[in-house]
Structures are given as C-alpha cells and as structure tokens.
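J.: Dropping in upload.txt, which is compact mmCIF, C-alpha atoms:
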```txt
# COMPACT_ATOMS: atom_id res chain seq x y z
CA MET A 20 14.85 -112.77 145.40
CA ARG A 21 15.51 -113.59 141.82
CA PRO A 22 15.79 -110.67 139.37
CA SER A 23 12.84 -111.95 137.36
CA ALA A 24 10.62 -111.97 140.47
CA LEU A 25 11.73 -108.47 141.44
CA ALA A 26 10.89 -107.21 137.98
CA LEU A 27 7.45 -108.81 138.24
CA LEU A 28 6.72 -107.15 141.62
CA LEU A 29 7.84 -103.77 140.34
CA SER A 30 5.65 -104.07 137.27
CA LEU A 31 2.63 -105.01 139.43
CA ALA A 32 3.23 -102.07 141.77
CA ALA A 33 3.26 -99.74 138.78
CA CYS A 34 -0.12 -100.94 137.48
CA GLY A 35 -2.72 -98.15 137.46
CA ARG A 36 -0.09 -95.53 138.28
CA ALA A 37 0.24 -92.73 135.75
CA ALA A 38 3.57 -92.28 134.09
CA PRO A 39 5.49 -89.29 135.43
CA ALA A 40 4.83 -86.12 133.45
CA VAL A 41 7.72 -84.76 131.48
CA PRO A 42 7.84 -80.97 131.96
CA ARG A 43 7.60 -78.81 128.84
CA ALA A 44 10.73 -76.93 127.94
CA GLY A 45 10.74 -73.57 129.72
CA ALA A 46 7.92 -74.53 132.09
CA VAL A 47 7.87 -73.01 135.59
CA ALA A 48 8.21 -75.51 138.42
CA GLY A 49 4.86 -76.10 140.15
CA ALA A 50 2.83 -74.41 137.38
CA VAL A 51 -0.41 -76.10 136.21
CA GLU A 52 -0.56 -76.39 132.46
CA ALA A 53 -3.90 -75.76 130.72
CA GLU A 54 -5.40 -78.46 128.57
CA PRO A 55 -5.18 -77.70 124.84
CA LEU A 56 -8.39 -76.57 123.15
CA PRO A 57 -9.96 -78.81 120.51
CA ALA A 58 -8.84 -78.21 116.95
CA LYS A 59 -12.21 -76.64 116.02
CA ALA A 60 -12.51 -74.34 119.03
CA SER A 61 -14.86 -71.39 118.44
CA LEU A 62 -17.30 -69.23 120.35
CA PHE A 63 -20.13 -71.61 119.60
CA PHE A 64 -20.29 -74.32 116.95
CA ALA A 65 -18.50 -74.20 113.63
CA GLU A 66 -21.04 -76.25 111.65
CA PRO A 67 -24.78 -76.98 112.08
CA ASP A 68 -24.08 -80.71 112.65
CA GLU A 69 -21.94 -79.84 115.67
CA ARG A 70 -24.86 -78.47 117.69
CA ALA A 71 -24.87 -81.45 120.04
CA VAL A 72 -21.25 -80.99 121.16
CA ALA A 73 -19.86 -77.92 122.92
CA VAL A 74 -16.38 -77.23 121.60
CA THR A 75 -15.34 -74.58 124.11
CA PRO A 76 -16.93 -72.74 127.08
CA PHE A 77 -19.12 -69.81 126.13
CA ASP A 78 -17.13 -66.57 126.29
CA LEU A 79 -19.39 -63.50 126.46
CA VAL A 80 -16.49 -61.05 126.38
CA ALA A 81 -14.95 -62.57 123.26
CA LEU A 82 -18.37 -62.71 121.61
CA ARG A 83 -19.03 -59.02 122.21
CA GLU A 84 -15.59 -58.03 120.96
CA ARG A 85 -16.24 -59.89 117.71
CA LEU A 86 -19.74 -58.49 117.26
CA THR A 87 -18.66 -54.88 117.84
CA ARG A 88 -16.61 -55.07 114.65
CA GLY A 89 -19.80 -55.47 112.62
CA GLU A 90 -22.55 -52.97 111.74
CA VAL A 91 -25.91 -52.68 113.46
CA SER A 92 -29.35 -51.71 112.14
CA GLY A 93 -32.98 -51.99 113.20
CA PHE A 94 -33.16 -52.22 116.99
CA VAL A 95 -30.60 -52.70 119.75
CA VAL A 96 -30.68 -53.33 123.49
CA ALA A 97 -28.36 -51.34 125.74
CA ALA A 98 -27.22 -53.30 128.78
CA PRO A 99 -29.11 -52.49 132.02
CA SER A 100 -26.36 -50.25 133.39
CA ALA A 101 -25.14 -48.81 130.07
CA ARG A 102 -24.73 -45.05 129.90
CA LEU A 103 -26.93 -43.19 127.41
CA PHE A 104 -25.21 -40.08 126.05
CA ALA A 105 -26.52 -36.89 124.48
CA SER A 106 -23.78 -36.65 121.84
CA ALA A 107 -20.95 -38.61 120.27
CA ASP A 108 -18.40 -36.22 121.76
CA GLU A 109 -19.79 -36.76 125.25
CA ALA A 110 -19.70 -40.53 124.80
CA ARG A 111 -16.11 -40.56 123.57
CA ALA A 112 -14.96 -38.14 126.27
CA ALA A 113 -16.39 -40.46 128.94
CA ASP A 114 -15.12 -43.61 127.27
CA GLY A 115 -11.68 -43.89 128.85
CA ALA A 116 -10.60 -47.43 129.58
CA ALA A 117 -13.90 -48.56 131.07
CA ALA A 118 -14.51 -52.31 131.03
CA PRO A 119 -17.47 -53.70 129.07
CA ILE A 120 -20.73 -53.64 131.03
CA PRO A 121 -22.12 -57.09 131.87
CA ALA A 122 -25.02 -58.27 129.74
CA ILE A 123 -28.44 -59.17 131.08
CA ASP A 124 -28.33 -61.96 133.62
CA THR A 125 -30.67 -64.31 131.81
CA ALA A 126 -30.12 -66.96 134.47
CA SER A 127 -32.52 -64.98 136.67
CA ALA A 128 -34.89 -63.78 133.96
CA ARG A 129 -37.95 -64.63 136.07
CA GLY A 130 -36.32 -63.81 139.39
CA GLY A 131 -35.83 -60.06 139.15
CA GLY A 132 -33.39 -60.17 136.27
CA GLU A 133 -32.59 -56.69 135.00
CA GLU A 134 -33.87 -55.42 131.67
CA GLY A 135 -31.91 -53.45 129.11
CA VAL A 136 -33.05 -50.35 127.22
CA LEU A 137 -34.68 -50.79 123.81
CA LEU A 138 -33.48 -48.29 121.17
CA ALA A 139 -34.09 -47.75 117.44
CA VAL A 140 -30.89 -47.43 115.41
CA VAL A 141 -30.40 -44.19 113.46
CA ALA A 142 -26.76 -44.63 112.40
CA ASP A 143 -23.72 -46.80 113.09
CA HIS A 144 -20.59 -44.75 113.88
CA GLY A 145 -18.22 -47.65 114.43
CA ASP A 146 -17.60 -47.62 118.17
CA LEU A 147 -20.86 -45.75 118.84
CA VAL A 148 -24.50 -46.24 117.86
CA GLU A 149 -26.78 -43.25 117.31
CA ALA A 150 -30.32 -44.22 118.26
CA ASP A 151 -33.77 -42.88 119.14
CA SER A 152 -35.84 -43.78 122.17
CA VAL A 153 -38.93 -45.83 121.30
CA ALA A 154 -42.57 -45.44 122.25
CA THR A 155 -43.39 -49.09 122.91
CA THR A 156 -41.85 -52.54 123.34
CA ARG A 157 -44.92 -54.20 121.83
CA GLY A 158 -43.93 -56.71 119.16
CA HIS A 159 -40.37 -56.97 120.49
CA CYS A 160 -38.86 -60.07 122.05
CA SER A 161 -35.77 -58.60 123.62
CA GLN A 162 -35.57 -58.53 127.40
CA ALA A 163 -35.76 -54.73 127.37
CA GLU A 164 -37.81 -51.84 128.70
CA ILE A 165 -38.37 -48.15 128.13
CA PRO A 166 -37.13 -46.13 131.13
CA SER A 167 -39.84 -43.91 132.60
CA ALA A 168 -37.69 -40.87 131.83
CA LEU A 169 -37.89 -41.71 128.10
CA LEU A 170 -41.39 -43.15 127.92
CA HIS A 171 -43.16 -40.05 126.60
CA PHE A 172 -40.28 -38.35 124.79
CA ALA A 173 -38.57 -38.85 121.44
CA VAL A 174 -34.91 -38.38 122.36
CA ARG A 175 -31.77 -38.86 120.25
CA LEU A 176 -29.11 -40.81 122.20
CA PHE A 177 -25.68 -42.34 121.73
CA VAL A 178 -24.58 -45.66 123.21
CA ARG A 179 -21.24 -47.42 123.03
CA LYS A 180 -21.46 -50.48 120.82
CA ARG A 181 -19.61 -52.58 123.37
CA ASP A 182 -22.45 -51.86 125.84
CA LEU A 183 -25.06 -53.59 123.67
CA VAL A 184 -26.59 -56.93 124.63
CA PRO A 185 -26.12 -59.81 122.16
CA VAL A 186 -29.44 -61.04 120.77
CA ILE A 187 -30.80 -63.75 118.48
CA ALA A 188 -30.25 -62.28 115.02
CA ARG A 189 -33.21 -63.85 113.20
CA PRO A 190 -36.02 -66.36 113.82
CA LEU A 191 -34.39 -69.63 114.79
CA GLU A 192 -35.42 -73.27 115.17
CA ILE A 193 -33.26 -75.73 117.12
CA PRO A 194 -34.29 -79.43 117.18
CA PHE A 195 -32.84 -82.00 119.58
CA PRO A 196 -32.38 -85.78 119.14
CA ASP A 197 -35.17 -86.70 121.58
CA GLY A 198 -37.78 -84.91 119.47
CA THR A 199 -37.90 -81.82 121.67
CA GLY A 200 -36.74 -78.42 120.47
CA VAL A 201 -37.25 -74.68 120.55
CA SER A 202 -38.26 -71.89 118.18
CA LEU A 203 -36.98 -68.43 119.04
CA ALA A 204 -38.04 -65.07 117.67
CA ALA A 205 -35.43 -62.50 116.69
CA GLY A 206 -34.31 -60.25 119.53
CA ALA A 207 -34.31 -62.82 122.33
CA SER A 208 -31.50 -61.72 124.64
CA LEU A 209 -28.33 -63.65 125.42
CA GLY A 210 -26.53 -63.72 128.72
CA PRO A 211 -24.06 -65.69 130.82
CA PRO A 212 -24.67 -69.45 130.89
CA LYS A 213 -26.17 -71.06 133.95
CA HIS A 214 -23.79 -74.01 133.52
CA PRO A 215 -20.54 -72.73 131.96
CA TRP A 216 -19.11 -76.24 131.51
CA ARG A 217 -21.78 -77.00 128.89
CA GLY A 218 -20.46 -74.27 126.62
CA GLU A 219 -23.92 -72.88 125.83
CA PRO A 220 -25.18 -69.32 126.39
CA ALA A 221 -28.42 -68.62 128.20
CA VAL A 222 -31.29 -67.13 126.20
CA ALA A 223 -34.17 -65.13 127.71
CA ALA A 224 -37.53 -64.89 125.95
CA SER A 225 -41.11 -64.43 127.20
CA GLY A 226 -40.08 -64.99 130.80
CA PHE A 227 -38.22 -68.21 130.10
CA ALA A 228 -34.44 -68.61 130.44
CA PHE A 229 -32.60 -71.66 129.14
CA GLU A 230 -29.34 -72.69 127.51
CA VAL A 231 -29.16 -73.68 123.85
CA PRO A 232 -26.38 -74.45 121.37
CA LEU A 233 -25.88 -71.58 118.92
CA ARG A 234 -23.82 -70.91 115.82
CA GLN A 235 -21.97 -67.65 115.34
CA GLU A 236 -24.38 -66.51 112.62
CA ASP A 237 -27.31 -66.95 115.03
CA VAL A 238 -26.13 -64.01 117.18
CA ALA A 239 -25.87 -60.26 116.54
CA LEU A 240 -26.04 -56.92 118.34
CA SER A 241 -29.17 -55.77 116.47
CA TYR A 242 -32.36 -57.26 115.05
CA GLN A 243 -35.67 -56.68 113.30
CA PRO A 244 -38.75 -57.59 115.42
CA SER A 245 -40.34 -60.97 114.66
CA ALA A 246 -42.67 -61.95 117.50
CA PHE A 247 -44.80 -65.01 116.70
CA ASP A 248 -48.31 -64.22 115.51
CA HIS A 249 -49.90 -67.42 116.83
CA ASP A 250 -52.79 -67.32 119.28
CA VAL A 251 -51.15 -67.37 122.71
CA ASP A 252 -54.47 -67.73 124.53
CA PRO A 253 -56.21 -70.80 123.03
CA PRO A 254 -59.35 -72.09 124.77
CA SER A 255 -57.73 -75.41 125.76
CA ILE A 256 -54.63 -75.45 127.95
CA VAL A 257 -52.94 -78.06 130.07
CA THR A 258 -54.13 -78.47 133.61
CA PRO A 259 -51.04 -78.31 135.83
CA PRO A 260 -49.20 -80.16 137.13
CA THR A 261 -47.99 -82.09 134.09
CA ALA A 262 -44.50 -83.55 133.86
CA PHE A 263 -42.43 -82.50 130.87
CA ARG A 264 -38.94 -83.25 129.63
CA TRP A 265 -36.75 -81.14 127.37
CA ARG A 266 -33.43 -82.33 125.93
CA GLY A 267 -33.74 -85.44 128.07
CA ARG A 268 -34.03 -83.49 131.34
CA PRO A 269 -37.04 -82.44 133.48
CA PHE A 270 -38.49 -79.09 132.39
CA TYR A 271 -40.10 -76.75 134.88
CA ARG A 272 -42.19 -73.75 133.95
CA PRO A 273 -41.26 -70.46 135.62
CA SER A 274 -43.34 -69.40 138.61
CA GLY A 275 -46.46 -67.60 137.39
CA TYR A 276 -46.46 -69.45 134.04
CA ASP A 277 -48.54 -72.43 135.16
CA ARG A 278 -51.15 -71.66 132.53
CA THR A 279 -48.87 -70.99 129.59
CA PRO A 280 -50.79 -72.26 126.54
CA ILE A 281 -50.00 -75.89 125.71
CA ILE A 282 -50.94 -77.48 122.38
CA PRO A 283 -50.89 -81.33 122.44
CA ASN A 284 -49.36 -83.14 119.46
CA GLY A 285 -48.94 -86.77 120.46
CA GLU A 286 -46.02 -87.30 122.83
CA ILE A 287 -44.65 -83.88 121.94
CA VAL A 288 -46.51 -80.82 123.18
CA GLU A 289 -46.00 -77.17 122.26
CA MET A 290 -45.63 -74.57 124.99
CA ARG A 291 -46.43 -71.33 123.19
CA ALA A 292 -45.46 -67.82 124.20
CA ARG A 293 -45.16 -64.63 122.18
CA CYS A 294 -41.41 -64.96 121.64
CA VAL A 295 -40.68 -68.64 122.08
CA VAL A 296 -42.23 -72.02 121.30
CA LEU A 297 -40.88 -74.94 123.32
CA PHE A 298 -41.42 -78.47 122.04
CA LEU A 299 -41.58 -80.72 125.11
CA ARG A 300 -42.00 -84.43 125.69
CA SER A 301 -44.87 -85.29 128.02
CA ASP A 302 -44.29 -87.98 130.66
CA THR A 303 -48.00 -88.20 131.46
CA PRO A 304 -51.20 -88.03 129.41
CA VAL A 305 -52.06 -84.45 128.59
CA ALA A 306 -55.23 -83.21 130.30
CA LEU A 307 -56.92 -80.15 128.88
CA ASP A 308 -58.74 -77.54 130.91
CA ARG A 309 -61.77 -76.35 128.93
CA ARG A 310 -63.38 -74.40 131.72
CA GLY A 311 -63.93 -70.69 131.36
CA GLY A 312 -61.99 -68.40 133.67
CA GLY A 313 -62.93 -65.46 135.79
CA ALA A 314 -64.88 -65.07 138.98
CA GLY A 315 -67.59 -62.56 139.69
CA GLY A 316 -67.07 -59.90 142.29
CA ILE A 317 -69.36 -58.26 144.76
CA GLY A 318 -69.79 -54.52 144.47
CA GLY A 319 -72.08 -51.73 145.46
CA LEU A 320 -71.71 -52.29 149.17
CA GLY A 321 -71.91 -49.35 151.54
CA ARG A 322 -73.67 -45.99 151.39
CA ARG A 323 -73.39 -44.18 148.07
CA ARG A 324 -72.34 -40.56 148.16
CA GLU A 325 -73.93 -37.95 145.95
CA PRO A 326 -71.56 -36.80 143.18
CA LYS A 327 -70.44 -33.20 142.98
CA THR A 328 -68.53 -31.19 140.40
CA VAL A 329 -65.38 -29.25 141.29
CA LYS A 330 -62.87 -27.24 139.27
CA VAL A 331 -59.22 -28.26 139.33
CA THR A 332 -56.11 -27.04 137.55
CA HIS A 333 -53.97 -29.58 135.70
CA ARG A 334 -50.72 -29.26 133.79
CA TYR A 335 -50.20 -31.13 130.52
CA MET A 336 -47.26 -31.74 128.23
CA ARG A 337 -47.70 -30.15 124.81
CA PRO A 338 -47.29 -32.81 122.07
CA GLY A 339 -44.36 -31.91 119.82
CA ALA A 340 -42.97 -29.43 122.35
CA THR A 341 -39.31 -29.37 123.37
CA VAL A 342 -37.83 -31.49 126.14
CA VAL A 343 -34.40 -30.43 127.40
CA TRP A 344 -31.46 -31.79 129.32
CA ASP A 345 -30.72 -30.48 132.78
CA ASP A 346 -28.39 -27.80 131.35
CA GLY A 347 -31.15 -26.46 129.06
CA SER A 348 -29.86 -27.93 125.78
CA VAL A 349 -32.49 -29.55 123.54
CA ALA A 350 -32.85 -33.31 124.03
CA GLY A 351 -35.91 -34.13 121.93
CA ARG A 352 -39.67 -33.74 121.61
CA VAL A 353 -42.76 -34.62 123.62
CA ARG A 354 -44.68 -37.58 122.16
CA ASP A 355 -47.97 -37.49 124.06
CA ARG A 356 -50.34 -35.04 125.71
CA LEU A 357 -49.90 -36.35 129.21
CA ARG A 358 -51.03 -34.85 132.49
CA LEU A 359 -48.13 -34.05 134.75
CA GLY A 360 -47.98 -35.56 138.21
CA LYS A 361 -45.46 -35.21 140.99
CA GLN A 362 -42.25 -34.95 139.03
CA VAL A 363 -38.93 -33.80 140.43
CA GLU A 364 -38.71 -30.00 140.22
CA ARG A 365 -35.39 -28.50 139.10
CA GLY A 366 -35.16 -24.78 138.47
CA GLY A 367 -38.96 -24.52 138.34
CA ARG A 368 -39.17 -27.25 135.67
CA PRO A 369 -40.71 -30.73 136.07
CA CYS A 370 -37.98 -33.29 135.42
CA TRP A 371 -37.55 -37.05 135.05
CA GLU A 372 -34.43 -38.68 136.45
CA ASP A 373 -32.58 -41.77 135.27
CA GLU A 374 -29.02 -42.55 136.30
CA ARG A 375 -28.34 -44.06 132.88
CA LEU A 376 -28.75 -40.64 131.26
CA ALA A 377 -25.19 -39.40 131.26
CA HIS A 378 -25.93 -35.78 130.35
CA GLY A 379 -26.78 -34.72 133.91
CA GLY A 380 -29.20 -37.60 134.46
CA PHE A 381 -32.36 -35.48 133.98
CA LEU A 382 -34.86 -34.69 131.22
CA CYS A 383 -36.94 -31.59 131.89
CA LEU A 384 -39.85 -29.62 130.42
CA PRO A 385 -39.35 -25.87 129.96
CA PRO A 386 -42.38 -23.65 130.77
CA ALA A 387 -43.24 -23.25 127.06
CA SER A 388 -43.75 -27.02 126.78
CA ILE A 389 -46.40 -27.08 129.49
CA GLU A 390 -50.10 -26.26 129.10
CA THR A 391 -52.13 -25.30 132.17
CA VAL A 392 -55.82 -26.21 131.97
CA GLU A 393 -58.72 -25.63 134.38
CA GLU A 394 -61.07 -28.61 134.25
CA GLU A 395 -64.30 -29.72 135.90
CA VAL A 396 -64.20 -33.14 137.48
CA THR A 397 -66.88 -35.18 139.23
CA VAL A 398 -66.08 -36.58 142.65
CA ARG A 399 -68.08 -38.56 145.21
```
Spit out the file's structure as structure tokens when you get a sec.

T.:
Amino acid sequence: MRPSALALLLSLAACGRAAPAVPRAGAVAGAVEAEPLPAKASLFFAEPDERAVAVTPFDLVALRERLTRGEVSGFVVAAPSARLFASADEARAADGAAAPIPAIDTASARGGGEEGVLLAVVADHGDLVEADSVATTRGHCSQAEIPSALLHFAVRLFVRKRDLVPVIARPLEIPFPDGTGVSLAAGASLGPPKHPWRGEPAVAASGFAFEVPLRQEDVALSYQPSAFDHDVDPPSIVTPPTAFRWRGRPFYRPSGYDRTPIIPNGEIVEMRARCVVLFLRSDTPVALDRRGGGAGGIGGLGRRREPKTVKVTHRYMRPGATVVWDDGSVAGRVRDRLRLGKQVERGGRPCWEDERLAHGGFLCLPPASIETVEEEVTVR
C-alpha cells in the first residue's frame, strides 16, 4: 500500500475519535478531574439579567455559612430538629463540633414536610440568636409552627445561627420569558432543590413548593412579615381540571388545592394564595365556578335527653404566672388563661414536653401558677 493511501486510512479511522487527554502535571493515575466552574460562579446569580442561567449547583451549606456572618432581626425560623436552649452558656457548651442541621425539605412541603419553629429575635450574639417564642403564626409566610410546649407561654430561648432556615428576605417578583412568573412574600422558606442540576433552590410558600432562580440579596436568615393582603377567597374560581403551564412546563396544583383562587387575565391567570401569587399560562379556556358552596346537614335525630347541671373542678393557668424548666429555673410567663387537660405530670407539676427544648425537654407549671376552680356545667 502506498504511504499516501495508508495516511488516508489512518486519518479516516481517527475521525470522530477524541484526541488522547494529556494528564495535568502532578495528576494521580486513574483520577477523574472535575470540570472547571464558570468564571462567574456564585451561590445563585451574580446579576439580575442572569436569572435564566444557573451558574453553579445550589449549595445550601455554603449559603448558610455565608448568611451566618450577617446580622438577623425581626423573625427567624429554627430548623425542624434545631435545639432550643435556655441560655447562651448552655448553647455554647452543647455546641461542640456538631454539623449544621438540614433545612426544611421543601421538596415535600405538601407531603408531610417538616416545619421549623417561628421565633421573634431579641438580640444577635454573633453565633447565637436570642429570641422569644411567639403567640401566633398568623401573617407569617415561613414554613414554621409553634410547638405545643411553647404555644401558651412567653419563653426566652437561644438558637444557634447556623441552625436557622434561609428565607426570602423581602417581597420578591420573578418574571419568566414565557409571560409566567411568581410573586413571593418575605419569609417563604428555602430548602434543598428537587433537581440539583438546575442550580435553583426550592421555595415553600402556602403549601406550594417549586424551584426558582434567586440572587444572593434575595435570601437571608431573618425577615419582617409581608403576607399579601389580597382577597384569597373571591366568588369566582376556576373549575378544575384546567391545564396550566409555568416556565414552559406543565404545572400541577398540590393535592387539596384544587380550588385555590384563580383570577383570569387573558392567557395568563393568577393563582392566589396568602404568601404566593403564581402567574400561569392556561392551555384551555378558563371556566369559572360561580356556584355557592356548602351543603346542609341533617340534625336533631334521635331521642333528646333532658339537660342537667353538675359541679366539676377544673385547673387553669394563671395569666402572667411563672412557667419553669424541669429543674425549677424560670423559663418565662403564661400568656393565656387556659384550662389544663391531661398533661405529663413531673414532680406533681403539669408539664409539656418537646425534644427540641434542650434544657431538660420540659416546661412545667409550679403550683402557684395554677388556679383551681369549681364550676357548674350543663350536660345531657
């Protein structure tokens, strides 16, 4: 075979075959080298016009480490399994080398996803946050609750800043090229992304959980409440099923949200909830349901018994009275005059247990904080 023909065959055999990689100086044989990050790599997006392109996978750990270097004020959400301490000394003594607690799993917000603990900030102590328990979550958009052990007591607590859940820092509007978009109230909780390769964190609000592109300034560890004040129960709502698209993909309402208020606006409709407004594109004509709800019941069946009056003894919490930790030290004050039920008894005191309370795990009422009352009640 002539040399020119051999060269031609060799060149054809090499077509489509990648050139052999030249190992980097000092590289270990058999090691897989990571691809370099883009020049503008960041936690989210460096500039507003970069919202459409994820520059690096969302890193919840790196985000929290950055946020813990800032100050908090207003309200915070402790992660579902965060420890709540009675003092700064107790918190620091228990700190050790514990790893950060995972944030709320927003990917399962409607499927039994855990809720954090809502707290009102008193002071920022750097690594710790001093905070008070709150009486209500009304008006808040964080995926948080008030533990039953704290529901009726004003208690001063300490939580490690690294155990706080990242939230939307302020009211936020995010439009998308297809005309859809989302408006979020401050306090909506962030969590791990459903699809890490997209580089977008998941956000939970009003029972919805979805991924959105965010800038660093959109996220914080604290917030001021800003729930939407629109009417979430208008008389006209979409009759399901109606097909919607969001960001070019099918959008499905969570189970139990089939009658979330929908406001038609041409091809774009608004799905309104207390903490989020989703702007969706409708694939079908929007049909409104203008019928009134509610069905009458049937009552009064069976023989009616004659009422009688009996005397019973009830125990009530004294408003403003002391509530203590399990060791007897003062924890806070009673908020409400509430009748006691079947609480856990410890040392002759009714107590409330929560494993997140690090100072023994119990809040108790001393005898002086309880009022015993004999009352007449009517029974049938």

J.: As an exercise, work out the distance from CA of Leu103 in chain A to CA of Tyr242 in chain A in Å and give it to one decimal place.

T.: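 CA of Tyr242 in chain A lies 19.5 Å from CA of Leu103 in chain A.
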
J.: Which distance in Å separates CA of Pro385 in chain A and CA of Ala150 in chain A, to one decimal?

T.: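 Value for the CA of Pro385 in chain A-CA of Ala150 in chain A distance: 23.6 Å.
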
J.: One decimal, Å: what's the distance from CA of Val392 in chain A over to CA of Val331 in chain A, could you say?

T.: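 Here the two named atoms are 8.4 Å from each other.
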
J.: Could you pull the residues within 9 Å of range 93-102 of chain A, counting only C-alpha atoms, minus those fewer than 6 positions along the same chain, as a PyMOL selection string?

T.: chain A and resi 110+120-123+133-141+150+161-164+177-180+182-186+206+208+240-244+374-377

J.: Applying 9 Å and all atoms listed in the file, which residues near Val153 in chain A remain after dropping the ones on its own chain fewer than 4 positions away? List them as a list in words.

T.: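 Here the answer would be Leu137, Leu138, Ala139, Ile165, Leu169, Leu170, His171, Phe172, Ala173 and Val174 of chain A.
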
J.: Any chance you could export the current selection's C-alpha atoms as a PDB file, in the coordinates of the input?

T.:
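Writing done, so here's out-v5.pdb:
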```
ATOM      1  CA  LEU A 137     -34.680 -50.790 123.810  1.00  0.00           C
ATOM      2  CA  LEU A 138     -33.480 -48.290 121.170  1.00  0.00           C
ATOM      3  CA  ALA A 139     -34.090 -47.750 117.440  1.00  0.00           C
ATOM      4  CA  ILE A 165     -38.370 -48.150 128.130  1.00  0.00           C
ATOM      5  CA  LEU A 169     -37.890 -41.710 128.100  1.00  0.00           C
ATOM      6  CA  LEU A 170     -41.390 -43.150 127.920  1.00  0.00           C
ATOM      7  CA  HIS A 171     -43.160 -40.050 126.600  1.00  0.00           C
ATOM      8  CA  PHE A 172     -40.280 -38.350 124.790  1.00  0.00           C
ATOM      9  CA  ALA A 173     -38.570 -38.850 121.440  1.00  0.00           C
ATOM     10  CA  VAL A 174     -34.910 -38.380 122.360  1.00  0.00           C
TER      11      VAL A 174
END
```

J.: May I have the residues within 12 Å of Arg365 in chain A as JSON, numbers by chain, using all atoms listed in the file and disregarding those fewer than 3 positions away in the same chain?

T.: {"A": [343, 344, 345, 346, 347, 362, 368, 369, 370, 371, 372, 379, 380, 381, 382, 383, 384, 385, 386]}

J.: Quick one: of A:Glu192, A:Ser152, A:Asp78, A:Arg181, who's nearest to Trp216 in chain A, counting all atoms listed in the file?

T.: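 Among the listed residues, the smallest separation from Trp216 in chain A belongs to A:Asp78.
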
J.: So which one's closest to Arg352 in chain A, A:Val398, A:Ser388, A:Val296, A:His378? Using only C-alpha atoms, please.

T.: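 Residue with the minimum atom-to-atom distance to Arg352 in chain A: A:Ser388.
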
J.: Can you work out which one of A:Arg175, A:Arg83, A:Arg234, A:Arg354 has the shortest atom-to-atom distance to Ala340 in chain A, counting all atoms listed in the file?

T.: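 When distances to Ala340 in chain A are compared using all atoms listed in the file, the smallest one comes from A:Arg354.
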